[in-house]
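J.: If you scroll down you'll find the structure; I have some questions about it.
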Amino acid sequence: MSTTETPSHYNHLEQMSVLELLTNINKEDKTVPLAAEKAIPQLEKLVEAAVAKMKEGGRLFYIGAGTSGRLGVVDASECPPTFGVPFDMVIGIMAGGDTAIRKAVEFAEDDFEQAIKDLDAYGVNEKDVVVGIAASGRTPYVIGGLQACNERGITTGCVVCNADSKVAAVAQFPVEVVTGPEFLTGSTRMKAGTGQKLALNMLTTSIMIRLGKVKGNKMVDMQLTNHKLVDRGTRMIMEELNISEEKARELLDLHGSVRAAITSYASH
């Protein structure tokens with residue numbers, strides 16, 4: 001049996017106080033970053049492979065089902081506002097389609113053939129990288145998608161939460177964040193989901209930094225889509241150029257991005 005499905009270290013959960021429930025869930029959660037740390041050598045290889053492809057104009061795709069699929073959609077949707085990249089540079093695809101983001105679509109994850117059809121709708125090709133996300137490591141939707149990509153010469157990776165899984169065996173660049181038994185037996189939205197979220201954060205943040213989307217430690221290409229981000233952008237320009245808030249805001253309004261404002265000012 002896979003470790004994500006093995007019985008919880010805790011029993012009689014319904015007899016615990018609220019404080020005991022929260023304390024024990026947190027105790028389990030503390031083990032997740034250590035599991036992610038062990039996966040860093042695998043993540044390094046996947047990041048390097050993805051950067052090489054994306055420098056040539058390739059895209060990053062996530063495929064997954066349930067919680068795993070939703071985490072991919074979330075990570076993909078956060079790349080354009082954070083790094084100012086086109087919305088179709090990182091794409092999250094879920095078994096069952098966008099409907100499944102909110103409401104489970106029965107047996108969608110069991111369809112071995114559907115993932116490559118979903119990828120083909122985006123014109124997936126050998127320039128791209130496809131990463132399967134599956135806590136169990138045995139989701140047919142993900143296995144089928146990665147196999148089809150391998151046959152076409154498309155670079156594949158995965159993020160799974162069990163050792164020696166079918167998904168990892170199919171992926172060229174497997175990442176295994178082995179999070180162990182869940183507090184609530186088999187509920188992989190918990191530790192496994194947290195482990196996958198950590199891995200995806202590391203993956204896309206590292207990729208975007210290597211692609212030049214960050215300056216120093218600042219999100220200089222972020223989209224200025226609300227007042228908080230405009231204020232943050234203004235502070236970045238003030239710090240970088242050592243100018244007044246009024247002047248920084250003026251430059252930001254004129255150029256529409258932190259990077260463009262700094263570059264323009266520095267070139268004068």
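We name chains A, B, ... following the order of the structure tokens; residues begin at 1 in each chain, and ligands are numbered from 1 as shown.
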List the spatial neighbours of segment 67-77 of chain A as a list of chain:residue names - criterion: any atom at most 7 Å away, only C-alpha atoms, same-chain residues fewer than 5 positions off excluded.
T.: A:Tyr62, A:Val90, A:Ile91, A:Gly92, A:Ile93, A:Met94, A:Ile101, A:Ile133, A:Ala134, A:Ala135, A:Arg189, A:Gly193, A:Lys197, A:Leu200
J.: Keeping only N, CA and C atoms, write the selected residues as an mmCIF file, in the first residue's frame.
T.:
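again_9.cif, freshly written:
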```cif
data_model
loop_
_atom_site.group_PDB
_atom_site.id
_atom_site.type_symbol
_atom_site.label_atom_id
_atom_site.label_comp_id
_atom_site.auth_asym_id
_atom_site.auth_seq_id
_atom_site.Cartn_x
_atom_site.Cartn_y
_atom_site.Cartn_z
ATOM 1 N N TYR A 62 0.986 21.718 -16.485
ATOM 2 C CA TYR A 62 0.694 20.809 -15.387
ATOM 3 C C TYR A 62 -0.527 19.986 -15.766
ATOM 4 N N VAL A 90 2.600 29.223 -18.586
ATOM 5 C CA VAL A 90 2.439 28.130 -17.618
ATOM 6 C C VAL A 90 0.951 27.812 -17.576
ATOM 7 N N ILE A 91 0.597 26.568 -17.887
ATOM 8 C CA ILE A 91 -0.811 26.204 -18.064
ATOM 9 C C ILE A 91 -1.165 25.009 -17.189
ATOM 10 N N GLY A 92 -2.186 25.154 -16.380
ATOM 11 C CA GLY A 92 -2.661 24.064 -15.538
ATOM 12 C C GLY A 92 -3.886 23.407 -16.153
ATOM 13 N N ILE A 93 -3.833 22.100 -16.337
ATOM 14 C CA ILE A 93 -4.952 21.352 -16.921
ATOM 15 C C ILE A 93 -5.437 20.313 -15.918
ATOM 16 N N MET A 94 -6.753 20.276 -15.725
ATOM 17 C CA MET A 94 -7.364 19.348 -14.767
ATOM 18 C C MET A 94 -8.168 18.265 -15.440
ATOM 19 N N ILE A 101 -12.523 22.156 -11.155
ATOM 20 C CA ILE A 101 -11.821 23.005 -10.191
ATOM 21 C C ILE A 101 -12.692 23.199 -8.954
ATOM 22 N N ILE A 133 1.039 15.922 -11.827
ATOM 23 C CA ILE A 133 0.949 16.070 -10.366
ATOM 24 C C ILE A 133 -0.030 15.019 -9.863
ATOM 25 N N ALA A 134 0.440 14.159 -8.959
ATOM 26 C CA ALA A 134 -0.420 13.081 -8.449
ATOM 27 C C ALA A 134 0.096 12.640 -7.092
ATOM 28 N N ALA A 135 -0.675 12.898 -6.046
ATOM 29 C CA ALA A 135 -0.248 12.506 -4.701
ATOM 30 C C ALA A 135 0.003 11.007 -4.632
ATOM 31 N N ARG A 189 -5.392 15.850 0.555
ATOM 32 C CA ARG A 189 -5.470 17.315 0.476
ATOM 33 C C ARG A 189 -4.661 17.956 1.603
ATOM 34 N N GLY A 193 -0.893 17.463 -0.178
ATOM 35 C CA GLY A 193 -1.192 18.722 -0.876
ATOM 36 C C GLY A 193 -0.216 19.820 -0.503
ATOM 37 N N LYS A 197 2.384 21.706 -2.987
ATOM 38 C CA LYS A 197 2.389 23.172 -3.064
ATOM 39 C C LYS A 197 3.803 23.711 -2.864
ATOM 40 N N LEU A 200 5.824 22.970 -6.050
ATOM 41 C CA LEU A 200 5.444 23.830 -7.177
ATOM 42 C C LEU A 200 5.932 25.260 -6.963
#
```
J.: Going by DSSP on the backbone, which residues of segment 34-193 of chain A come out as strand (DSSP E or B)? List them as number ranges by chain.
T.: A: 60-64, 90-94, 129-134, 155-160, 173-176
J.: Could you give me, as a list in words, the residues within 12 Å of Val85 of chain A, counting only C-alpha atoms and dropping anything in the same chain fewer than 3 positions from it?
T.: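 In the requested form, the answer reads Met54, Gly57, Arg59, Leu60, Ala76, Ser77, Glu78, Cys79, Pro80, Pro81, Thr82, Asp88, Met89, Val90, Ile91, Thr204, Ile207, Met208, Ile209, Leu211, Gly212, Lys213, Val214, Met219, Val220, Asp221, Met222 and Gln223 of chain A.
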J.: Would you mind exporting the chosen residues as a CSV table (one decimal), in the first residue's frame, restricted to N, CA and C atoms?
T.:
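See again.csv below for the written result:
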```
chain,number,residue,atom,x,y,z
A,54,MET,N,12.2,26.4,-21.9
A,54,MET,CA,11.4,27.7,-21.9
A,54,MET,C,12.2,28.8,-22.4
A,57,GLY,N,11.5,29.2,-25.9
A,57,GLY,CA,10.1,29.5,-26.2
A,57,GLY,C,9.1,28.4,-25.9
A,59,ARG,N,6.7,26.0,-23.3
A,59,ARG,CA,5.8,26.3,-22.2
A,59,ARG,C,5.8,25.2,-21.1
A,60,LEU,N,5.3,25.5,-19.9
A,60,LEU,CA,5.2,24.5,-18.9
A,60,LEU,C,3.8,24.2,-18.7
A,76,ALA,N,-0.1,27.8,-11.8
A,76,ALA,CA,-0.1,28.4,-13.2
A,76,ALA,C,-0.7,29.7,-13.3
A,77,SER,N,-1.8,29.9,-12.6
A,77,SER,CA,-2.6,31.2,-12.6
A,77,SER,C,-1.9,32.3,-11.9
A,78,GLU,N,-1.0,31.9,-11.0
A,78,GLU,CA,-0.2,33.0,-10.2
A,78,GLU,C,1.0,33.5,-10.9
A,79,CYS,N,1.5,32.8,-12.0
A,79,CYS,CA,2.7,33.2,-12.7
A,79,CYS,C,2.6,34.5,-13.4
A,80,PRO,N,1.5,34.7,-14.2
A,80,PRO,CA,1.4,36.0,-14.9
A,80,PRO,C,1.4,37.2,-14.0
A,81,PRO,N,0.5,37.3,-12.9
A,81,PRO,CA,0.6,38.5,-12.1
A,81,PRO,C,1.9,38.6,-11.3
A,82,THR,N,2.5,37.5,-10.9
A,82,THR,CA,3.8,37.6,-10.2
A,82,THR,C,5.0,38.0,-11.0
A,88,ASP,N,-0.3,32.2,-21.2
A,88,ASP,CA,-0.2,30.8,-21.7
A,88,ASP,C,1.2,30.3,-21.7
A,89,MET,N,2.0,30.8,-20.8
A,89,MET,CA,3.4,30.3,-20.6
A,89,MET,C,3.4,29.1,-19.6
A,90,VAL,N,2.6,29.2,-18.6
A,90,VAL,CA,2.4,28.1,-17.6
A,90,VAL,C,1.0,27.8,-17.6
A,91,ILE,N,0.6,26.6,-17.9
A,91,ILE,CA,-0.8,26.2,-18.1
A,91,ILE,C,-1.2,25.0,-17.2
A,204,THR,N,8.4,26.8,-10.0
A,204,THR,CA,8.1,28.0,-10.8
A,204,THR,C,8.9,29.2,-10.4
A,207,ILE,N,12.4,28.7,-11.8
A,207,ILE,CA,12.4,28.8,-13.2
A,207,ILE,C,12.3,30.3,-13.6
A,208,MET,N,11.4,31.0,-13.0
A,208,MET,CA,11.2,32.4,-13.4
A,208,MET,C,12.4,33.3,-13.1
A,209,ILE,N,13.1,33.0,-11.9
A,209,ILE,CA,14.3,33.7,-11.6
A,209,ILE,C,15.4,33.4,-12.6
A,211,LEU,N,14.9,32.6,-15.7
A,211,LEU,CA,14.5,33.2,-16.9
A,211,LEU,C,14.6,34.8,-16.9
A,212,GLY,N,15.1,35.3,-15.8
A,212,GLY,CA,15.4,36.7,-15.7
A,212,GLY,C,14.2,37.6,-15.3
A,213,LYS,N,13.2,37.0,-14.7
A,213,LYS,CA,12.0,37.7,-14.3
A,213,LYS,C,12.0,38.4,-13.0
A,214,VAL,N,13.2,38.3,-12.3
A,214,VAL,CA,13.4,38.9,-11.0
A,214,VAL,C,14.6,39.8,-11.0
A,219,MET,N,10.0,41.5,-7.5
A,219,MET,CA,9.1,41.1,-8.6
A,219,MET,C,9.0,42.3,-9.6
A,220,VAL,N,10.0,42.6,-10.3
A,220,VAL,CA,10.0,43.8,-11.1
A,220,VAL,C,9.1,43.7,-12.4
A,221,ASP,N,8.7,42.5,-12.7
A,221,ASP,CA,7.8,42.3,-13.9
A,221,ASP,C,6.3,42.1,-13.5
A,222,MET,N,6.0,42.2,-12.2
A,222,MET,CA,4.6,41.9,-11.7
A,222,MET,C,3.6,42.8,-12.4
A,223,GLN,N,2.4,42.3,-12.5
A,223,GLN,CA,1.3,43.1,-13.1
A,223,GLN,C,0.7,44.0,-12.0
```
J.: If we count only C-alpha atoms and set the cut-off at 8 Å, which residues sit around Leu46 of chain A, ignoring sequence neighbours fewer than 2 positions away in its own chain? Please answer as number ranges by chain.
T.: A: 42-44, 48-50, 157, 173-175, 203
J.: Can you tell me which residues surround Arg232 of chain A at a distance of at most 12 Å, considering only C-alpha atoms, apart from same-chain residues fewer than 3 positions away, and format the answer as a PyMOL selection string?
T.: chain A and resi 218-229+235-239+245+248-249+252+257-258
J.: Select, from A:Asn217, A:Asn125, A:Ser17, A:Ser267, the residue with the minimum atom-to-atom distance to Ala148 of chain A, counting only C-alpha atoms.
T.: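 For Ala148 of chain A, the nearest of the candidates is A:Asn125.
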J.: Could you check which of A:Gly58, A:Gly97, A:Gly180, A:Cys161 is closest to Val124 of chain A, using only C-alpha atoms?
T.: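 Counting only C-alpha atoms, the residue closest to Val124 of chain A is A:Gly58.
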J.: When you draw a straight line from atom CA of Ala121 of chain A to atom CA of Gly153 of chain A, how long is it in Å?
T.: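 About the pair atom CA of Ala121 of chain A and atom CA of Gly153 of chain A: they are 17.7 Å apart.
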J.: Return the single residue from A:Lys55, A:Glu109, A:Ser165, A:Met16 that is closest to Lys127 of chain A, with distances computed using only C-alpha atoms.
T.: A:Lys55
J.: Would you please work out which residue, of A:Ser206, A:Thr234, A:Ser2, A:Thr194, is nearest to Asp29 of chain A when using only C-alpha atoms?
T.: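 Smallest separation from Asp29 of chain A among the options: A:Thr194.
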J.: For Tyr10 of chain A, find every residue with an atom within 12 Å (counting only C-alpha atoms), except residues of its own chain fewer than 2 positions away, and show them as a list in words.
T.: Thr6, Pro7, Ser8, His12, Leu13, Glu14, Gln15, Met16, Glu20, Leu21, Thr23, Asn24, Ile25, Lys27, Glu28, Pro181, Glu182, Phe183, Leu184 and Thr185 of chain A
J.: Could you check how far atom CA of Gly66 of chain A sits from atom CA of Pro86 of chain A, in Å to one decimal?
T.: 25.5 Å
J.: Counting only C-alpha atoms, which residue out of A:Ile262, A:Val159, A:Ala169, A:Met190 sits closest to Ile40 of chain A?
T.: A:Val159
J.: Rounded to one decimal place, report the atom CA of Val105 of chain A-atom CA of Gly123 of chain A distance in Å.
T.: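 Straight-line distance from atom CA of Val105 of chain A to atom CA of Gly123 of chain A works out to 24.2 Å.
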J.: Between A:Arg152, A:Lys247, A:Arg259, A:Lys103, which residue has the minimum interatomic distance to Gly216 of chain A, considering only C-alpha atoms?
T.: A:Arg259
